[in-house]
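Enquirer: This is run-v5.cif (mmCIF, C-alpha atoms and all ligand atoms).
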data_work
loop_
_atom_site.label_atom_id
_atom_site.label_comp_id
_atom_site.auth_asym_id
_atom_site.auth_seq_id
_atom_site.Cartn_x
_atom_site.Cartn_y
_atom_site.Cartn_z
CA MET Q 140 0.00 0.00 0.00
CA ASP Q 141 1.30 3.46 -0.79
CA TRP Q 142 1.27 6.24 1.80
CA GLY Q 143 -2.10 7.76 0.87
CA MET Q 144 -3.85 4.41 0.75
CA LYS Q 145 -2.30 3.37 4.06
CA ASN Q 146 -3.18 6.67 5.69
CA ARG Q 147 -6.83 6.50 4.58
CA PHE Q 148 -7.12 2.84 5.51
CA SER Q 149 -5.80 3.61 9.01
CA ARG Q 150 -8.68 6.06 9.44
CA ILE Q 151 -11.14 3.20 8.85
CA ILE Q 152 -9.50 0.27 10.66
CA LYS Q 153 -7.52 1.41 13.70
CA PRO Q 154 -3.91 0.31 13.14
CA ASP Q 155 -3.21 -0.36 16.82
CA SER Q 156 -6.13 -2.75 17.34
CA GLY Q 157 -7.15 -3.69 13.77
CA ARG Q 158 -10.75 -2.85 14.73
CA CYS Q 159 -13.47 -0.43 13.72
CA VAL Q 160 -16.92 0.88 14.57
CA MET Q 161 -18.39 2.16 11.31
CA LEU Q 162 -21.84 3.74 11.55
CA ALA Q 163 -23.98 2.89 8.51
CA VAL Q 164 -26.58 5.46 7.47
CA ASP Q 165 -26.68 4.72 3.74
CA HIS Q 166 -29.95 2.77 3.78
CA GLY Q 167 -31.99 5.46 2.04
CA TYR Q 168 -30.13 4.91 -1.24
CA PHE Q 169 -32.50 2.05 -2.02
CA LEU Q 170 -34.98 2.01 0.91
CA GLY Q 171 -36.00 5.67 0.96
CA PRO Q 172 -36.88 7.26 4.32
CA THR Q 173 -36.31 4.23 6.54
CA GLU Q 174 -37.74 4.23 10.07
CA ARG Q 175 -35.69 6.52 12.37
CA LEU Q 176 -33.55 7.63 9.45
CA GLU Q 177 -36.30 9.82 7.99
CA ASN Q 178 -34.30 12.92 8.90
CA PRO Q 179 -30.67 11.86 8.51
CA ARG Q 180 -29.26 15.04 10.07
CA GLU Q 181 -31.17 14.42 13.29
CA THR Q 182 -30.22 10.72 13.37
CA ILE Q 183 -26.54 11.33 12.66
CA ARG Q 184 -25.96 14.41 14.92
CA PRO Q 185 -25.68 12.72 18.35
CA LEU Q 186 -23.74 9.74 16.96
CA LEU Q 187 -21.23 11.44 14.68
CA ASN Q 188 -18.42 11.86 17.20
CA LEU Q 189 -18.96 8.38 18.63
CA ALA Q 190 -18.40 6.57 15.33
CA ASP Q 191 -14.91 5.73 14.03
CA SER Q 192 -16.28 6.37 10.54
CA LEU Q 193 -19.57 7.15 8.85
CA MET Q 194 -20.90 5.25 5.82
CA LEU Q 195 -23.31 7.21 3.63
CA THR Q 196 -24.10 8.56 0.18
CA ARG Q 197 -22.90 11.90 -1.13
CA GLY Q 198 -26.44 13.30 -0.95
CA VAL Q 199 -26.78 12.71 2.77
CA LEU Q 200 -23.18 13.75 3.41
CA ARG Q 201 -23.65 17.12 1.70
CA SER Q 202 -27.07 17.82 3.15
CA SER Q 203 -26.83 16.39 6.64
CA VAL Q 204 -23.25 16.38 7.95
CA SER Q 205 -21.18 19.42 8.88
CA ALA Q 206 -18.14 19.86 6.63
CA GLU Q 207 -16.23 20.67 9.81
CA SER Q 208 -16.66 17.12 11.13
CA ASN Q 209 -13.51 15.06 11.64
CA THR Q 210 -15.25 11.69 11.38
CA PRO Q 211 -13.80 9.79 8.38
CA ILE Q 212 -16.22 9.21 5.54
CA VAL Q 213 -16.94 5.89 3.84
CA LEU Q 214 -18.73 7.00 0.71
CA ARG Q 215 -21.31 4.64 -0.77
CA VAL Q 216 -20.82 4.93 -4.51
CA SER Q 217 -23.02 2.11 -5.80
CA GLY Q 218 -26.74 2.38 -6.40
CA GLY Q 219 -29.36 2.79 -9.08
CA SER Q 220 -31.97 0.32 -7.82
CA SER Q 221 -34.77 0.54 -5.28
CA ILE Q 222 -36.80 -1.72 -3.04
CA VAL Q 223 -39.74 -1.42 -5.47
CA GLY Q 224 -37.70 -1.69 -8.67
CA GLU Q 225 -36.92 -4.55 -11.02
CA ASP Q 226 -33.99 -6.12 -9.16
CA LEU Q 227 -31.95 -4.81 -6.23
CA SER Q 228 -28.78 -6.25 -7.71
CA LYS Q 229 -28.97 -3.99 -10.78
CA GLU Q 230 -26.47 -1.47 -9.47
CA THR Q 231 -23.94 0.77 -11.11
CA ILE Q 232 -21.33 3.24 -9.88
CA ILE Q 233 -23.25 6.43 -9.09
CA THR Q 234 -20.51 8.74 -7.83
CA SER Q 235 -17.28 9.59 -9.63
CA ILE Q 236 -13.85 9.21 -8.08
CA GLU Q 237 -13.27 12.95 -8.54
CA GLU Q 238 -16.38 13.67 -6.48
CA ALA Q 239 -15.21 11.23 -3.80
CA ILE Q 240 -11.87 13.07 -3.64
CA ARG Q 241 -13.64 16.47 -3.45
CA LEU Q 242 -15.73 15.11 -0.57
CA ASN Q 243 -12.53 13.94 1.15
CA ALA Q 244 -13.73 10.33 1.36
CA SER Q 245 -11.43 8.02 3.31
CA CYS Q 246 -12.96 4.92 1.73
CA LEU Q 247 -15.37 3.98 -1.09
CA ALA Q 248 -18.17 1.45 -0.55
CA LEU Q 249 -19.93 -0.62 -3.19
CA SER Q 250 -22.26 -3.64 -3.11
CA ILE Q 251 -21.66 -6.88 -4.93
CA PHE Q 252 -24.47 -9.40 -5.45
CA VAL Q 253 -22.84 -12.80 -5.91
CA GLY Q 254 -25.27 -15.39 -7.30
CA SER Q 255 -27.79 -12.77 -8.42
CA LYS Q 256 -29.03 -11.89 -11.89
CA TYR Q 257 -26.65 -8.94 -12.11
CA GLU Q 258 -23.64 -10.62 -10.46
CA TYR Q 259 -21.33 -9.92 -13.42
CA GLN Q 260 -22.25 -6.24 -13.54
CA THR Q 261 -21.69 -5.74 -9.80
CA LEU Q 262 -18.35 -7.56 -9.87
CA LYS Q 263 -17.30 -5.41 -12.82
CA ASN Q 264 -18.33 -2.36 -10.80
CA LEU Q 265 -16.08 -3.50 -7.96
CA SER Q 266 -13.09 -4.12 -10.23
CA LYS Q 267 -13.51 -0.71 -11.84
CA LEU Q 268 -13.80 1.01 -8.48
CA VAL Q 269 -10.70 -0.73 -7.12
CA ASN Q 270 -8.77 0.39 -10.22
CA GLU Q 271 -9.90 3.99 -9.66
CA GLY Q 272 -9.24 3.81 -5.92
CA GLU Q 273 -5.73 2.47 -6.51
CA LYS Q 274 -4.97 5.42 -8.80
CA TYR Q 275 -5.71 7.91 -6.04
CA GLY Q 276 -4.92 5.93 -2.90
CA ILE Q 277 -8.51 5.38 -1.73
CA PRO Q 278 -9.42 1.99 -0.25
CA VAL Q 279 -12.61 0.15 -1.21
CA LEU Q 280 -15.13 -1.54 1.07
CA ALA Q 281 -17.03 -4.33 -0.72
CA VAL Q 282 -20.49 -4.91 0.70
CA THR Q 283 -21.56 -8.50 0.15
CA ALA Q 284 -25.26 -7.88 -0.29
CA VAL Q 285 -27.53 -10.90 -0.16
CA GLY Q 286 -30.46 -11.42 -2.50
CA LYS Q 287 -33.75 -12.64 -1.04
CA GLU Q 288 -33.23 -16.16 -2.37
CA MET Q 289 -29.60 -16.48 -1.12
CA ALA Q 290 -28.71 -18.37 2.08
CA ARG Q 291 -26.68 -16.43 4.60
CA ASP Q 292 -24.39 -19.35 5.39
CA ALA Q 293 -20.61 -19.67 5.63
CA ARG Q 294 -20.37 -21.30 2.21
CA TYR Q 295 -22.17 -18.52 0.37
CA LEU Q 296 -20.80 -15.61 2.43
CA GLY Q 297 -17.31 -17.12 2.25
CA LEU Q 298 -17.61 -17.26 -1.53
CA ALA Q 299 -18.76 -13.64 -1.79
CA CYS Q 300 -16.08 -12.32 0.62
CA ARG Q 301 -13.27 -14.20 -1.08
CA ILE Q 302 -14.32 -12.99 -4.53
CA ALA Q 303 -14.44 -9.40 -3.23
CA ALA Q 304 -10.92 -9.72 -1.83
CA GLU Q 305 -9.62 -11.38 -5.01
CA LEU Q 306 -10.98 -8.46 -7.06
CA GLY Q 307 -9.01 -6.10 -4.83
CA ALA Q 308 -11.39 -4.88 -2.09
CA HIS Q 309 -9.38 -3.66 0.91
CA VAL Q 310 -12.06 -4.54 3.45
CA VAL Q 311 -15.24 -6.59 3.13
CA LYS Q 312 -18.56 -6.29 4.90
CA THR Q 313 -20.77 -9.31 5.35
CA TYR Q 314 -23.13 -10.94 7.85
CA HIS Q 315 -22.25 -13.07 10.84
CA CYS Q 316 -23.26 -16.72 10.46
CA LEU Q 317 -22.61 -20.19 11.84
CA ASP Q 318 -18.96 -21.14 11.16
CA PHE Q 319 -18.13 -17.50 10.55
CA ARG Q 320 -14.48 -18.26 11.34
CA LYS Q 321 -14.33 -20.07 7.96
CA VAL Q 322 -15.53 -16.92 6.19
CA VAL Q 323 -12.79 -14.86 7.89
CA ASP Q 324 -10.10 -17.48 7.34
CA GLY Q 325 -10.92 -17.65 3.63
CA CYS Q 326 -10.73 -13.90 3.16
CA PRO Q 327 -7.26 -12.31 3.07
CA VAL Q 328 -8.51 -8.81 3.96
CA PRO Q 329 -10.35 -7.59 7.09
CA VAL Q 330 -13.99 -8.63 7.38
CA ILE Q 331 -16.52 -6.48 9.22
CA ILE Q 332 -20.14 -7.33 9.92
CA ALA Q 333 -23.42 -5.56 9.26
CA GLY Q 334 -25.91 -5.54 12.10
CA GLY Q 335 -28.89 -6.42 9.91
CA LYS Q 336 -32.50 -6.00 11.02
CA LYS Q 337 -33.18 -4.47 14.42
CA LEU Q 338 -32.74 -6.94 17.28
CA ALA Q 339 -33.25 -6.52 21.00
CA GLU Q 340 -30.22 -4.57 22.28
CA ARG Q 341 -28.75 -7.48 24.20
CA GLU Q 342 -28.95 -9.70 21.11
CA ALA Q 343 -27.24 -7.09 18.96
CA LEU Q 344 -24.44 -6.82 21.51
CA GLN Q 345 -24.15 -10.61 21.54
CA LEU Q 346 -23.91 -10.58 17.74
CA THR Q 347 -21.09 -8.01 17.93
CA SER Q 348 -19.21 -10.03 20.51
CA ASP Q 349 -19.66 -13.34 18.64
CA ALA Q 350 -18.44 -11.80 15.38
CA LEU Q 351 -15.29 -10.42 17.03
CA ARG Q 352 -14.66 -13.77 18.74
CA ASP Q 353 -14.89 -15.39 15.28
CA GLY Q 354 -12.34 -13.02 13.76
CA ALA Q 355 -14.31 -10.00 12.52
CA SER Q 356 -12.42 -6.71 12.56
CA GLY Q 357 -15.41 -4.74 13.72
CA VAL Q 358 -18.86 -3.62 12.71
CA ASP Q 359 -20.54 -1.55 10.03
CA MET Q 360 -23.75 -1.17 11.99
CA GLY Q 361 -26.85 0.88 11.28
CA ARG Q 362 -30.34 -0.13 12.39
CA ASN Q 363 -29.26 -1.79 15.61
CA ILE Q 364 -27.84 1.56 16.68
CA TRP Q 365 -30.18 4.25 15.37
CA GLN Q 366 -33.39 2.25 15.62
CA SER Q 367 -32.65 1.65 19.30
CA ASP Q 368 -34.63 3.81 21.73
CA ASN Q 369 -31.24 4.93 23.04
CA PRO Q 370 -28.86 5.19 20.08
CA VAL Q 371 -26.10 6.98 22.04
CA ALA Q 372 -26.14 4.34 24.77
CA MET Q 373 -26.15 1.62 22.12
CA ILE Q 374 -23.19 2.92 20.12
CA ASN Q 375 -21.23 3.34 23.36
CA ALA Q 376 -21.97 -0.27 24.31
CA VAL Q 377 -20.94 -1.52 20.85
CA ARG Q 378 -17.75 0.58 21.03
CA ALA Q 379 -16.87 -0.87 24.41
CA ILE Q 380 -17.10 -4.42 23.02
CA VAL Q 381 -15.09 -3.59 19.89
CA HIS Q 382 -12.42 -1.40 21.45
CA GLU Q 383 -12.30 -2.46 25.10
CA ASN Q 384 -13.15 -6.15 24.78
CA ILE Q 385 -15.79 -5.98 27.52
CA THR Q 386 -18.27 -8.84 27.90
CA VAL Q 387 -21.83 -8.80 26.58
CA ASN Q 388 -23.17 -8.55 30.15
CA GLN Q 389 -20.95 -5.57 30.89
CA ALA Q 390 -21.90 -3.92 27.60
CA TYR Q 391 -25.59 -4.46 28.23
CA ASP Q 392 -25.24 -2.97 31.74
CA LEU Q 393 -23.50 0.01 30.17
CA TYR Q 394 -26.39 0.36 27.72
CA LEU Q 395 -28.99 0.16 30.51
CA ASN Q 396 -27.15 2.60 32.78
CA MET Q 397 -26.64 5.17 30.03
CA SER Q 398 -30.29 4.81 28.99
CA LYS Q 399 -31.43 5.33 32.61
CA MET Q 400 -29.26 8.41 32.96
CA LYS Q 401 -30.74 9.86 29.80
CA SER Q 402 -34.29 9.26 30.95
CA ALA Q 403 -33.52 10.76 34.41
CA MET Q 404 -32.09 13.85 32.72
CA ARG Q 405 -35.20 14.14 30.57
CA LYS Q 406 -37.46 14.01 33.62
CA SER Q 407 -35.36 16.47 35.61
CA PRO Q 408 -33.60 18.95 33.33
CA SER Q 409 -32.04 20.66 36.38
CA ALA Q 410 -29.99 17.47 36.99
CA ARG Q 411 -27.87 18.48 34.02
CA THR Q 412 -26.28 21.39 35.86
C1 LIG P 501 -27.26 -1.24 3.13
C2 LIG P 501 -25.99 -1.42 3.82
C3 LIG P 501 -25.92 -1.12 5.26
O1 LIG P 501 -24.97 -0.12 5.42
C4 LIG P 501 -25.54 -2.33 6.06
O2 LIG P 501 -26.45 -3.36 5.87
C5 LIG P 501 -25.33 -2.02 7.54
O3 LIG P 501 -26.49 -1.61 8.12
P1 LIG P 501 -27.35 -2.53 9.10
O4 LIG P 501 -26.49 -2.74 10.33
O5 LIG P 501 -28.57 -1.72 9.38
O6 LIG P 501 -27.60 -3.83 8.40
O7 LIG P 501 -25.01 -1.75 3.22
O8 LIG P 501 -27.15 -1.80 1.87
#
Would you mind giving the structure from this file in structure tokens?
Expert:
Amino acid sequence: MDWGMKNRFSRIIKPDSGRCVMLAVDHGYFLGPTERLENPRETIRPLLNLADSLMLTRGVLRSSVSAESNTPIVLRVSGGSSIVGEDLSKETIITSIEEAIRLNASCLALSIFVGSKYEYQTLKNLSKLVNEGEKYGIPVLAVTAVGKEMARDARYLGLACRIAAELGAHVVKTYHCLDFRKVVDGCPVPVIIAGGKKLAEREALQLTSDALRDGASGVDMGRNIWQSDNPVAMINAVRAIVHENITVNQAYDLYLNMSKMKSAMRKSPSART
């Protein structure tokens, strides 16, 4: 890796620990105004300084995040399909490399749909993006998106992650599964996990802990943070697992205590002073 690539990559995966807490708020690019992300500025504001990096599209970055923020940006540059359209896998590259540089992106993110109708197109997108990223020293995060008919098992996810790494992705995002260690072992670049659909907080913390135990380098988590009733408490609990190796019980206690404090402060505003 050259200096620029290494420098940007170190803003995404912490070099001392090899871990990361990436906050995903890119869902609107195909889902529209998803629950609790209807107003991205409001959702992002309290979480921005608690995330190691923020994953989003250029539209939400420009409209909803202060340009004075120091949080590294993972720019989603694939899209072109929607939840009501023909096929979710029919994606193209929607943001140019020049625009990504202007926006000071630390990393580029793109979905691949292995086993889907548009597999070839999405793998070509990834190869093209890696070529562009290499020119300018910008790493690429490959998102192994799963079609409705695809099993989320170690065989399939391992296949998708390995292909992403072979095509040059610098980091890969996938889902945790049974035998996840095999997925990580078969992928020569760091693997991070998506949170997926909203779970009870304790379950989401368990998922985080299990993924790290099985070799994940961290999380790219969205709904399990900002759809929580206490997103700030939740991201702090996730951070403590990823960066401080605390147990799930300790993290859940942290979540409950921070949530209680917030509700006490709401009831008695004078307690803040
Ligand atoms: C959407 C994405 C999301 O960023 C990813 O799935 C992480 O979010 P969540 O934790 O809510 O699953 O790539 O395509």
Enquirer: 7 Å from ligand LIG 501 (chain P) is the threshold here; counting all atoms listed in the file, which polymer residues fall inside it? Answer as a PyMOL selection string.
Expert: chain Q and resi 163-166+194+282+284+333-336+359-363
Enquirer: Atom CA of Q:Phe252 and atom CA of Q:Ile364, how far apart in Å?
Expert: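 These atoms are spaced 24.9 Å apart.
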Enquirer: As a PDB file with C-alpha atoms, in the frame of the given file, please: the residues near stretch 365-373 of chain Q (cut-off 7 Å, all atoms listed in the file, same-chain neighbours under 6 positions excluded).
Expert:
ATOM      1  CA  ARG Q 175     -35.690   6.520  12.370  1.00  0.00           C
ATOM      2  CA  THR Q 182     -30.220  10.720  13.370  1.00  0.00           C
ATOM      3  CA  PRO Q 185     -25.680  12.720  18.350  1.00  0.00           C
ATOM      4  CA  LEU Q 186     -23.740   9.740  16.960  1.00  0.00           C
ATOM      5  CA  LYS Q 337     -33.180  -4.470  14.420  1.00  0.00           C
ATOM      6  CA  TYR Q 394     -26.390   0.360  27.720  1.00  0.00           C
ATOM      7  CA  MET Q 397     -26.640   5.170  30.030  1.00  0.00           C
ATOM      8  CA  SER Q 398     -30.290   4.810  28.990  1.00  0.00           C
TER       9      SER Q 398
END
Enquirer: Determine, counting only C-alpha atoms, which protein, DNA and RNA residues have an atom within 9 Å of an atom of Q:Gly171; residues of the same chain fewer than 3 positions away are not included. Present the result as a list of chain:residue names.
Expert: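 Listing them by chain and then by number gives Q:His166, Q:Gly167, Q:Tyr168, Q:Glu177, Q:Ser221, Q:Ile222.
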Enquirer: Which residue is closest to Q:Glu340? Choose from Q:Ala376, Q:Val253, Q:Val216, Q:Leu306 and count all atoms listed in the file.
Expert: Q:Ala376
Enquirer: Have a look at atom CA of Q:Gln389 and atom CA of Q:Ala339 and let me know their distance in Å, one decimal.
Expert: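 Atom-to-atom, atom CA of Q:Gln389 and atom CA of Q:Ala339 are spaced 15.8 Å apart.
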Enquirer: Give, as JSON, the centre coordinates and the x, y and z edge lengths in Å to one decimal for an axis-aligned box around all listed atoms of stretch 368-377 of chain Q, padded by 6 Å on each side.
Expert:
{"center_x": -27.8, "center_y": 2.7, "center_z": 22.4, "size_x": 25.7, "size_y": 20.5, "size_z": 16.7}
Enquirer: For Q:Gly307, find every residue with an atom within 9 Å (counting only C-alpha atoms), except residues of its own chain fewer than 6 positions away, and show them as a tab-separated table (two decimals) with C-alpha atoms, in the frame of the given file.
Expert:
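Saved file part-v7.tsv follows:
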chain	number	residue	atom	x	y	z
Q	265	LEU	CA	-16.08	-3.50	-7.96
Q	266	SER	CA	-13.09	-4.12	-10.23
Q	269	VAL	CA	-10.70	-0.73	-7.12
Q	270	ASN	CA	-8.77	0.39	-10.22
Q	279	VAL	CA	-12.61	0.15	-1.21
Enquirer: May I ask which of the residues Q:Arg291, Q:Lys274, Q:Lys399, Q:Arg341 is the closest one to Q:Phe319, counting all atoms listed in the file?
Expert: Q:Arg291
Enquirer: Taking into account all atoms listed in the file, which residue in the set Q:Ile385, Q:Ile183, Q:Ala308, Q:Leu227 is nearest to Q:Ser208?
Expert: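 Smallest distance to Q:Ser208 is found for Q:Ile183.
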Enquirer: What is the distance, in Å and to one decimal place, between atom CA of Q:Asp292 and atom CA of Q:Arg320?
Expert: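 Rounded to one decimal, the two atoms are 11.6 Å apart.
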Enquirer: Using all atoms listed in the file, find all polymer residues with an atom at most 10 Å away from the point (-13.7, 4.5, -4.1); report them as a VMD selection string.
Expert: chain Q and resid 213 to 217 232 234 to 240 244 to 249 265 267 to 280 308
